[in-house]
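For reference, work-v1.cif (mmCIF, C-alpha atoms):
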```
data_start
loop_
_atom_site.label_atom_id
_atom_site.label_comp_id
_atom_site.auth_asym_id
_atom_site.auth_seq_id
_atom_site.Cartn_x
_atom_site.Cartn_y
_atom_site.Cartn_z
CA MET A 1 10.76 28.87 13.08
CA ASP A 2 8.11 31.56 12.68
CA PRO A 3 9.94 34.93 12.85
CA ALA A 4 7.07 36.43 14.82
CA ALA A 5 7.42 33.77 17.51
CA ALA A 6 11.18 34.16 17.46
CA ASN A 7 10.88 37.89 18.04
CA GLU A 8 8.96 37.23 21.27
CA MET A 9 11.82 35.13 22.65
CA VAL A 10 14.72 37.51 22.09
CA PRO A 11 15.50 40.85 23.74
CA LYS A 12 14.23 43.91 21.88
CA ASN A 13 17.01 45.87 20.24
CA PRO A 14 16.40 49.23 18.54
CA TRP A 15 19.34 48.64 16.22
CA ALA A 16 18.80 46.57 13.10
CA PRO A 17 21.32 45.50 10.43
CA ALA A 18 21.18 47.01 6.97
CA ASP A 19 20.62 43.63 5.25
CA GLY A 20 23.04 44.53 2.46
CA GLY A 21 25.74 46.86 1.26
CA PHE A 22 29.30 46.28 0.03
CA ARG A 23 30.83 45.61 3.45
CA ALA A 24 28.05 43.21 4.40
CA TRP A 25 28.47 41.12 1.25
CA LEU A 26 32.26 41.23 1.69
CA VAL A 27 31.71 39.61 5.07
CA VAL A 28 29.60 36.91 3.40
CA ALA A 29 32.39 36.28 0.87
CA ALA A 30 34.98 36.00 3.67
CA SER A 31 32.70 33.59 5.58
CA PHE A 32 32.25 31.53 2.41
CA ILE A 33 36.04 31.16 2.00
CA ILE A 34 36.70 30.32 5.66
CA HIS A 35 33.88 27.77 5.77
CA GLY A 36 35.21 26.29 2.56
CA LEU A 37 38.77 25.88 3.79
CA VAL A 38 37.90 24.62 7.27
CA PHE A 39 35.31 22.05 6.30
CA GLY A 40 36.61 21.36 2.82
CA ILE A 41 39.81 20.07 4.39
CA ASN A 42 38.03 18.24 7.20
CA LEU A 43 35.53 16.58 4.88
CA SER A 44 38.22 15.59 2.39
CA TYR A 45 40.02 13.59 5.05
CA SER A 46 38.97 10.32 3.41
CA VAL A 47 41.57 11.06 0.69
CA ILE A 48 44.29 11.70 3.29
CA TYR A 49 43.07 8.70 5.31
CA TYR A 50 43.75 6.29 2.47
CA GLU A 51 47.36 7.45 1.99
CA LEU A 52 48.10 7.86 5.70
CA GLN A 53 46.97 4.30 6.40
CA ARG A 54 49.27 3.05 3.63
CA ILE A 55 52.23 4.93 5.17
CA LEU A 56 51.50 3.58 8.65
CA ASP A 57 51.08 0.02 7.32
CA SER A 58 54.48 0.23 5.61
CA SER A 59 55.99 1.50 8.88
CA GLY A 60 54.77 -1.56 10.77
CA VAL A 61 52.09 0.21 12.80
CA THR A 62 49.32 -2.09 14.03
CA ASP A 63 45.56 -1.43 13.94
CA THR A 64 46.08 1.30 11.35
CA SER A 65 42.41 1.51 10.33
CA TYR A 66 41.37 2.58 13.81
CA LYS A 67 44.36 4.86 14.44
CA THR A 68 44.11 6.59 11.07
CA SER A 69 40.38 7.10 11.55
CA LEU A 70 41.01 8.64 14.97
CA VAL A 71 43.22 11.39 13.48
CA GLY A 72 40.38 12.64 11.28
CA SER A 73 37.78 12.10 14.00
CA LEU A 74 39.83 14.19 16.43
CA SER A 75 40.15 16.98 13.89
CA LEU A 76 36.40 17.09 13.32
CA GLY A 77 35.72 16.64 17.02
CA MET A 78 38.01 19.47 18.08
CA THR A 79 36.53 21.71 15.38
CA PHE A 80 33.31 21.33 17.32
CA ALA A 81 34.69 20.90 20.85
CA PHE A 82 36.38 24.31 20.93
CA SER A 83 33.23 26.01 19.62
CA ALA A 84 32.08 26.92 23.13
CA LEU A 85 35.44 28.63 23.72
CA ALA A 86 35.08 30.31 20.33
CA GLY A 87 31.69 31.72 21.32
CA ILE A 88 33.14 33.19 24.51
CA LEU A 89 36.15 34.64 22.67
CA ILE A 90 33.88 36.20 20.05
CA ASP A 91 31.99 38.02 22.80
CA ARG A 92 35.26 39.18 24.38
CA LEU A 93 37.64 39.73 21.46
CA GLY A 94 35.31 40.08 18.51
CA ASN A 95 34.79 37.98 15.38
CA ARG A 96 37.87 39.29 13.55
CA MET A 97 40.46 38.62 16.26
CA THR A 98 39.01 35.21 17.11
CA ALA A 99 39.19 34.14 13.44
CA ILE A 100 42.77 35.42 13.08
CA ILE A 101 43.86 33.44 16.15
CA GLY A 102 42.11 30.38 14.73
CA GLY A 103 43.77 30.70 11.33
CA SER A 104 47.18 31.01 13.00
CA LEU A 105 46.65 27.86 15.09
CA ALA A 106 45.40 25.95 12.04
CA LEU A 107 48.50 27.00 10.09
CA ILE A 108 50.84 25.85 12.87
CA GLY A 109 48.98 22.56 13.34
CA MET A 110 48.91 21.62 9.66
CA LEU A 111 52.54 22.62 9.09
CA ALA A 112 53.66 20.59 12.10
CA SER A 113 51.65 17.60 10.84
CA SER A 114 53.62 17.58 7.60
CA PHE A 115 56.79 16.67 9.51
CA VAL A 116 55.30 13.75 11.50
CA VAL A 117 53.25 11.78 8.95
CA GLN A 118 54.84 8.50 10.09
CA TYR A 119 54.07 9.09 13.76
CA VAL A 120 50.35 8.71 14.32
CA GLU A 121 50.53 9.62 18.02
CA ALA A 122 52.03 13.00 17.10
CA LEU A 123 49.32 13.50 14.48
CA TYR A 124 46.69 13.10 17.18
CA PHE A 125 47.98 16.40 18.61
CA THR A 126 49.14 18.36 15.54
CA TYR A 127 46.39 17.41 13.08
CA GLY A 128 43.65 16.34 15.47
CA ILE A 129 43.86 18.84 18.33
CA LEU A 130 45.93 21.84 17.17
CA PHE A 131 44.50 22.10 13.65
CA GLY A 132 41.04 21.24 14.99
CA CYS A 133 41.21 24.03 17.58
CA GLY A 134 42.29 26.53 14.92
CA ALA A 135 39.51 25.40 12.61
CA SER A 136 36.97 25.90 15.38
CA LEU A 137 38.11 29.42 16.23
CA SER A 138 38.02 30.23 12.51
CA PHE A 139 34.63 28.92 11.46
CA ASN A 140 32.44 29.95 14.42
CA PRO A 141 32.93 33.69 13.77
CA SER A 142 31.98 33.10 10.13
CA LEU A 143 28.43 32.32 11.32
CA SER A 144 27.99 34.76 14.20
CA VAL A 145 29.31 37.75 12.21
CA LEU A 146 26.51 37.39 9.66
CA GLY A 147 23.87 38.41 12.20
CA LEU A 148 25.58 41.78 12.57
CA HIS A 149 24.92 42.57 8.91
CA PHE A 150 21.72 40.70 8.04
CA ARG A 151 18.38 39.91 9.65
CA ARG A 152 15.68 39.60 7.02
CA ARG A 153 17.89 37.49 4.71
CA ILE A 154 19.80 35.64 7.42
CA GLY A 155 18.78 32.22 6.03
CA LEU A 156 20.03 33.06 2.55
CA VAL A 157 23.38 34.50 3.66
CA CYS A 158 24.00 31.60 6.07
CA GLY A 159 23.26 29.27 3.18
CA ILE A 160 25.70 31.09 0.90
CA ALA A 161 28.43 31.21 3.57
CA THR A 162 28.13 27.55 4.52
CA ALA A 163 28.00 26.57 0.84
CA GLY A 164 31.71 27.34 0.84
CA ALA A 165 32.25 24.00 2.57
CA SER A 166 30.37 22.21 -0.20
CA VAL A 167 32.20 23.97 -3.02
CA PHE A 168 35.59 23.26 -1.48
CA THR A 169 34.56 19.66 -0.73
CA PHE A 170 33.99 19.34 -4.48
CA ILE A 171 37.34 20.92 -5.37
CA LEU A 172 39.73 19.59 -2.73
CA PRO A 173 39.41 15.77 -3.05
CA PRO A 174 40.68 15.64 -6.66
CA VAL A 175 43.33 18.28 -5.88
CA LEU A 176 44.58 16.35 -2.84
CA GLY A 177 44.28 13.11 -4.80
CA ALA A 178 46.56 14.56 -7.49
CA LEU A 179 49.06 16.15 -5.10
CA ILE A 180 49.64 13.13 -2.84
CA PRO A 181 51.10 10.77 -5.50
CA SER A 182 53.04 13.67 -7.07
CA ILE A 183 54.70 15.29 -4.05
CA GLY A 184 53.85 12.97 -1.17
CA LEU A 185 51.58 13.39 1.83
CA ASP A 186 54.10 15.51 3.75
CA TRP A 187 54.39 18.22 1.07
CA THR A 188 50.65 18.05 0.40
CA LEU A 189 50.02 18.97 4.03
CA ARG A 190 52.47 21.88 3.65
CA VAL A 191 50.46 23.14 0.69
CA VAL A 192 47.32 22.88 2.83
CA ALA A 193 49.13 24.80 5.59
CA LEU A 194 49.74 27.65 3.12
CA LEU A 195 45.99 27.81 2.51
CA MET A 196 45.52 28.64 6.18
CA ILE A 197 47.15 32.02 5.50
CA ILE A 198 44.07 32.82 3.41
CA ILE A 199 41.90 32.37 6.53
CA ILE A 200 44.00 34.94 8.38
CA ALA A 201 43.86 37.38 5.46
CA VAL A 202 40.10 37.29 4.81
CA SER A 203 39.33 37.53 8.54
CA PHE A 204 40.22 41.21 8.32
CA ALA A 205 37.00 41.68 6.33
CA TYR A 206 34.95 41.03 9.49
CA THR A 207 33.65 44.43 10.50
CA VAL A 208 31.17 45.63 13.11
CA PRO A 209 28.47 47.92 11.67
CA GLU A 210 27.98 51.26 13.35
CA GLY A 211 25.47 50.90 16.17
CA ALA A 212 25.76 47.10 16.34
CA ASN A 213 27.02 47.25 19.92
CA VAL A 214 23.70 48.67 21.06
CA GLY A 215 22.18 45.94 23.20
CA ARG A 216 25.42 43.95 23.45
CA THR A 217 26.70 46.19 26.26
CA GLU A 218 23.48 45.65 28.16
CA GLU A 219 23.77 41.92 27.58
CA LYS A 220 27.24 41.79 29.12
CA LYS A 221 25.94 43.51 32.26
CA LEU A 222 23.48 40.66 32.69
CA LYS A 223 26.21 38.03 32.84
CA ILE A 224 26.69 36.82 36.40
CA GLU A 225 30.39 37.32 37.12
CA SER A 226 31.17 34.97 34.29
CA PHE A 227 32.18 34.80 30.66
CA LEU A 228 29.06 32.75 29.95
CA ASN A 229 25.81 34.14 28.62
CA VAL A 230 23.49 32.49 31.13
CA LYS A 231 20.36 33.93 29.54
CA ILE A 232 20.42 31.52 26.61
CA TRP A 233 20.28 28.57 29.02
CA LYS A 234 16.97 29.85 30.42
CA ASN A 235 15.46 29.43 26.95
CA LYS A 236 13.85 25.97 26.99
CA LYS A 237 13.61 25.72 23.20
CA PHE A 238 17.33 26.43 22.86
CA VAL A 239 18.18 23.81 25.51
CA ILE A 240 16.09 21.13 23.77
CA TRP A 241 17.66 21.98 20.39
CA THR A 242 21.15 21.89 21.93
CA ILE A 243 20.51 18.43 23.37
CA GLY A 244 18.96 17.04 20.20
CA VAL A 245 21.50 18.08 17.57
CA PRO A 246 24.49 16.17 19.07
CA PHE A 247 22.61 12.86 18.85
CA ALA A 248 22.27 13.35 15.09
CA PHE A 249 26.01 13.87 14.72
CA PHE A 250 26.95 10.29 15.71
CA GLY A 251 26.46 9.06 12.16
CA TYR A 252 26.65 12.37 10.35
CA PHE A 253 30.35 12.37 9.39
CA VAL A 254 30.77 8.62 8.86
CA PRO A 255 30.36 8.82 5.03
CA PHE A 256 32.86 11.70 4.77
CA VAL A 257 35.56 9.75 6.63
CA HIS A 258 35.04 6.22 5.28
CA LEU A 259 33.46 6.64 1.85
CA VAL A 260 36.65 6.43 -0.25
CA LYS A 261 37.82 3.24 1.46
CA PHE A 262 34.31 1.73 1.35
CA VAL A 263 34.24 2.24 -2.41
CA SER A 264 37.73 0.79 -2.87
CA ILE A 265 36.54 -2.44 -1.23
CA ASN A 266 33.02 -2.76 -2.64
CA PHE A 267 33.40 -0.96 -6.00
CA PRO A 268 37.08 -1.44 -6.89
CA GLY A 269 36.59 -0.19 -10.44
CA ASP A 270 35.17 3.17 -9.35
CA ASP A 271 36.56 6.25 -7.62
CA GLY A 272 35.23 7.07 -4.15
CA LYS A 273 36.30 10.71 -4.50
CA THR A 274 33.54 11.08 -7.10
CA LEU A 275 30.95 10.38 -4.39
CA VAL A 276 32.53 12.90 -2.03
CA MET A 277 32.28 15.48 -4.81
CA CYS A 278 28.62 14.52 -5.41
CA ILE A 279 27.86 15.20 -1.75
CA GLY A 280 29.66 18.52 -2.03
CA VAL A 281 27.79 19.72 -5.11
CA ALA A 282 24.38 18.66 -3.82
CA SER A 283 25.10 20.18 -0.43
CA ALA A 284 26.00 23.54 -2.01
CA VAL A 285 22.65 23.56 -3.83
CA GLY A 286 20.86 22.54 -0.63
CA ARG A 287 22.50 25.18 1.52
CA VAL A 288 21.59 28.09 -0.71
CA GLY A 289 18.18 26.71 -1.71
CA PHE A 290 16.99 25.73 1.75
CA GLY A 291 18.58 28.84 3.25
CA LEU A 292 16.50 30.98 0.90
CA LEU A 293 13.40 28.85 1.59
CA SER A 294 13.86 29.21 5.36
CA ASP A 295 13.55 33.00 5.10
CA HIS A 296 9.88 32.57 4.18
CA GLU A 297 7.74 33.55 7.16
CA LYS A 298 5.65 30.37 7.07
CA ILE A 299 8.62 27.99 7.25
CA ASN A 300 9.38 26.31 10.58
CA ARG A 301 13.18 26.14 10.53
CA VAL A 302 13.50 23.66 13.39
CA LEU A 303 11.07 21.20 11.75
CA LEU A 304 12.84 21.57 8.41
CA GLN A 305 16.16 20.76 10.08
CA GLN A 306 14.67 17.70 11.79
CA ILE A 307 13.41 16.35 8.46
CA SER A 308 16.84 16.83 6.91
CA LEU A 309 18.54 14.90 9.73
CA PHE A 310 16.08 12.02 9.35
CA LEU A 311 16.82 11.82 5.62
CA ILE A 312 20.59 11.90 6.16
CA GLY A 313 20.24 8.86 8.44
CA ILE A 314 18.09 6.93 5.97
CA PHE A 315 20.34 7.64 2.97
CA THR A 316 23.50 6.78 4.92
CA MET A 317 22.10 3.40 5.99
CA LEU A 318 21.09 2.62 2.41
CA LEU A 319 24.70 3.03 1.24
CA VAL A 320 25.57 -0.35 2.77
CA PRO A 321 23.13 -2.55 0.79
CA ALA A 322 23.49 -0.48 -2.41
CA ASN A 323 24.75 -2.88 -5.09
CA ALA A 324 25.10 -0.57 -8.09
CA TRP A 325 27.22 2.52 -8.68
CA ILE A 326 24.24 4.58 -9.84
CA TYR A 327 22.52 3.89 -6.52
CA MET A 328 25.60 5.12 -4.67
CA ILE A 329 25.59 8.34 -6.68
CA LEU A 330 21.87 8.96 -6.09
CA LEU A 331 22.18 8.28 -2.36
CA CYS A 332 25.16 10.61 -2.05
CA LEU A 333 23.26 13.34 -3.88
CA GLY A 334 20.43 12.83 -1.38
CA ILE A 335 22.86 13.01 1.55
CA GLY A 336 24.28 16.21 0.10
CA LEU A 337 20.92 17.96 -0.28
CA ALA A 338 19.85 17.01 3.25
CA ASP A 339 23.25 18.00 4.59
CA GLY A 340 22.92 21.40 2.95
CA CYS A 341 19.56 21.94 4.59
CA PHE A 342 20.80 20.92 8.04
CA ILE A 343 23.98 22.99 8.04
CA SER A 344 22.46 26.14 6.55
CA LEU A 345 19.86 26.30 9.32
CA ILE A 346 22.19 26.18 12.35
CA GLY A 347 22.91 29.91 12.24
CA PRO A 348 19.34 31.09 11.53
CA ILE A 349 17.90 28.85 14.28
CA ALA A 350 20.46 30.20 16.76
CA PHE A 351 19.49 33.77 15.83
CA ASP A 352 15.78 32.86 16.06
CA LEU A 353 16.11 31.34 19.52
CA CYS A 354 18.69 33.63 21.14
CA GLY A 355 18.87 36.80 19.07
CA PRO A 356 22.06 38.46 17.76
CA GLU A 357 23.30 39.08 21.32
CA GLY A 358 23.27 35.40 22.25
CA ALA A 359 23.89 33.79 18.85
CA ALA A 360 27.70 33.51 19.11
CA GLN A 361 27.58 31.44 22.29
CA ALA A 362 24.45 29.59 21.16
CA ILE A 363 26.23 28.41 18.01
CA GLY A 364 29.38 27.71 20.02
CA PHE A 365 27.68 25.55 22.61
CA VAL A 366 25.53 23.51 20.24
CA ASN A 367 28.64 22.75 18.19
CA GLY A 368 30.77 22.18 21.29
CA ILE A 369 28.39 19.65 22.82
CA SER A 370 28.28 17.88 19.45
CA ALA A 371 32.04 17.26 19.64
CA ILE A 372 31.71 13.96 21.49
CA SER A 373 29.47 12.39 18.85
CA VAL A 374 31.46 13.90 15.97
CA THR A 375 34.68 12.44 17.39
CA LEU A 376 33.34 9.00 18.30
CA GLY A 377 30.97 8.41 15.38
CA PRO A 378 33.44 7.57 12.57
CA THR A 379 35.67 5.60 14.96
CA ILE A 380 32.75 3.56 16.35
CA ALA A 381 31.72 2.82 12.77
CA VAL A 382 35.08 1.08 12.22
CA HIS A 383 34.49 -1.30 15.14
CA ILE A 384 30.87 -1.99 14.22
CA SER A 385 31.86 -2.93 10.67
CA ARG A 386 34.41 -5.51 11.81
#
```
Show this structure as structure tokens.
Amino acid sequence: MDPAAANEMVPKNPWAPADGGFRAWLVVAASFIIHGLVFGINLSYSVIYYELQRILDSSGVTDTSYKTSLVGSLSLGMTFAFSALAGILIDRLGNRMTAIIGGSLALIGMLASSFVVQYVEALYFTYGILFGCGASLSFNPSLSVLGLHFRRRIGLVCGIATAGASVFTFILPPVLGALIPSIGLDWTLRVVALLMIIIIAVSFAYTVPEGANVGRTEEKKLKIESFLNVKIWKNKKFVIWTIGVPFAFFGYFVPFVHLVKFVSINFPGDDGKTLVMCIGVASAVGRVGFGLLSDHEKINRVLLQQISLFLIGIFTMLLVPANAWIYMILLCLGIGLADGCFISLIGPIAFDLCGPEGAAQAIGFVNGISAISVTLGPTIAVHISR
């Protein structure tokens, strides 16, 4: 979106972030780590999926493909579903406290999951809902806090922060793949639970720059006896964007959940985790590159995001007829680049449309409304493929 047009849509605020400094870049580093842990774990679920289905099959559970898929779908879905709540909590409690609460819930959920790996119904709650809720309250502040420290380079820093997910998606699949056969799925989940402590620790880096509350106090006075920021819903461009993004999410996470198993069936001599890592590497490049590109004044961020979503859909569909491993690699690299573009632009578009005062709830609601499609997409894919 043209910054000049964006400036006409948001309330004027005499305060402006410094666009740099040690504390500001420390916040970016903390956001990078939290994004990496939250989405690195979620997007590596295909590795856990494969082992969890084996455990459930050996326990005599029926329809394990669907039930195992639902655990991961719930986790992703809740990561988005609680985003609206996260946006409200950020406005009330601040980015730091919201992220600390989220890290604590994620720790409890993952630790509890390690004790019930043979009981899929329990995993729906511990892994799907509890961990998902914690993940949501952790990652939403990692986007909204950036607008308190950056304005001119908001695209670049959002790209760097969200690239954490890509980097960790590259690292975690082989790590989880090595841990599971060595110590079992239960102890692997306990190791993952320990990683949640890192989320709590780095959340303390989230600071509020001096003067940043100027304008936010006025904004709260405009709220009509409610926790909701009603002003953002009077912005037609924001409403259209909020309606459009969830439709794209129906097929968005299908490759991340089912790719490893798809490869085991169609390319038994190859390793599906390699493709997940390809998506991760390409996405990291895309997030930083397209984030930097989006800061150019002539770039329309919304249009760029739309193009990326179209390409993700095309590349994902082409995975099915692909009959050679090299084609799979190239398609996954394409998915990764487009994914990087799409994700890196969510924060900047929210700031463009709603300004720093409304960005937390804008990000929260667009992610929250997307929860239905994120949850149902991978599970629907199982039934369609039968």
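The nearest approach to Thr207 of chain A among the residues A:Leu146, A:Leu318, A:Ile343, A:Val38, with only C-alpha atoms taken into account, belongs to A:Leu146.
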Spatial neighbours of Thr316 of chain A, 8 Å, only C-alpha atoms, chain gap at least 3 places, as an MDAnalysis selection string
chainID A and resid 255 312:313 319:320 331 335
Report the centre and edge lengths, in Å to one decimal, of an axis-aligned box enclosing every atom of segment 63-66 of chain A listed in the file, padded by 6 Å on each side, as AutoDock Vina command-line options.
```
--center_x 43.7 --center_y 0.6 --center_z 12.1 --size_x 16.7 --size_y 16.0 --size_z 15.6
```
Going by the chain IDs and residue numbers used in this file, which residues fall under the PyMOL selection byres ((chain A and resi 51) around 10)? Write them as an NGL selection string.
:A and (46-50 or 52-57 or 68 or 177 or 180-181 or 184-185)
Output the residue selection produced by the PyMOL selection byres ((chain A and resi 69) around 9) on the file above, formatted as a ChimeraX atom specification.
/A:46,49,53,64-68,70-74,257-258,378-379,382
Between A:Trp233, A:Phe150, A:Phe204, A:Phe249, which is the closest to Phe351 of chain A once you count all atoms listed in the file?
A:Phe150
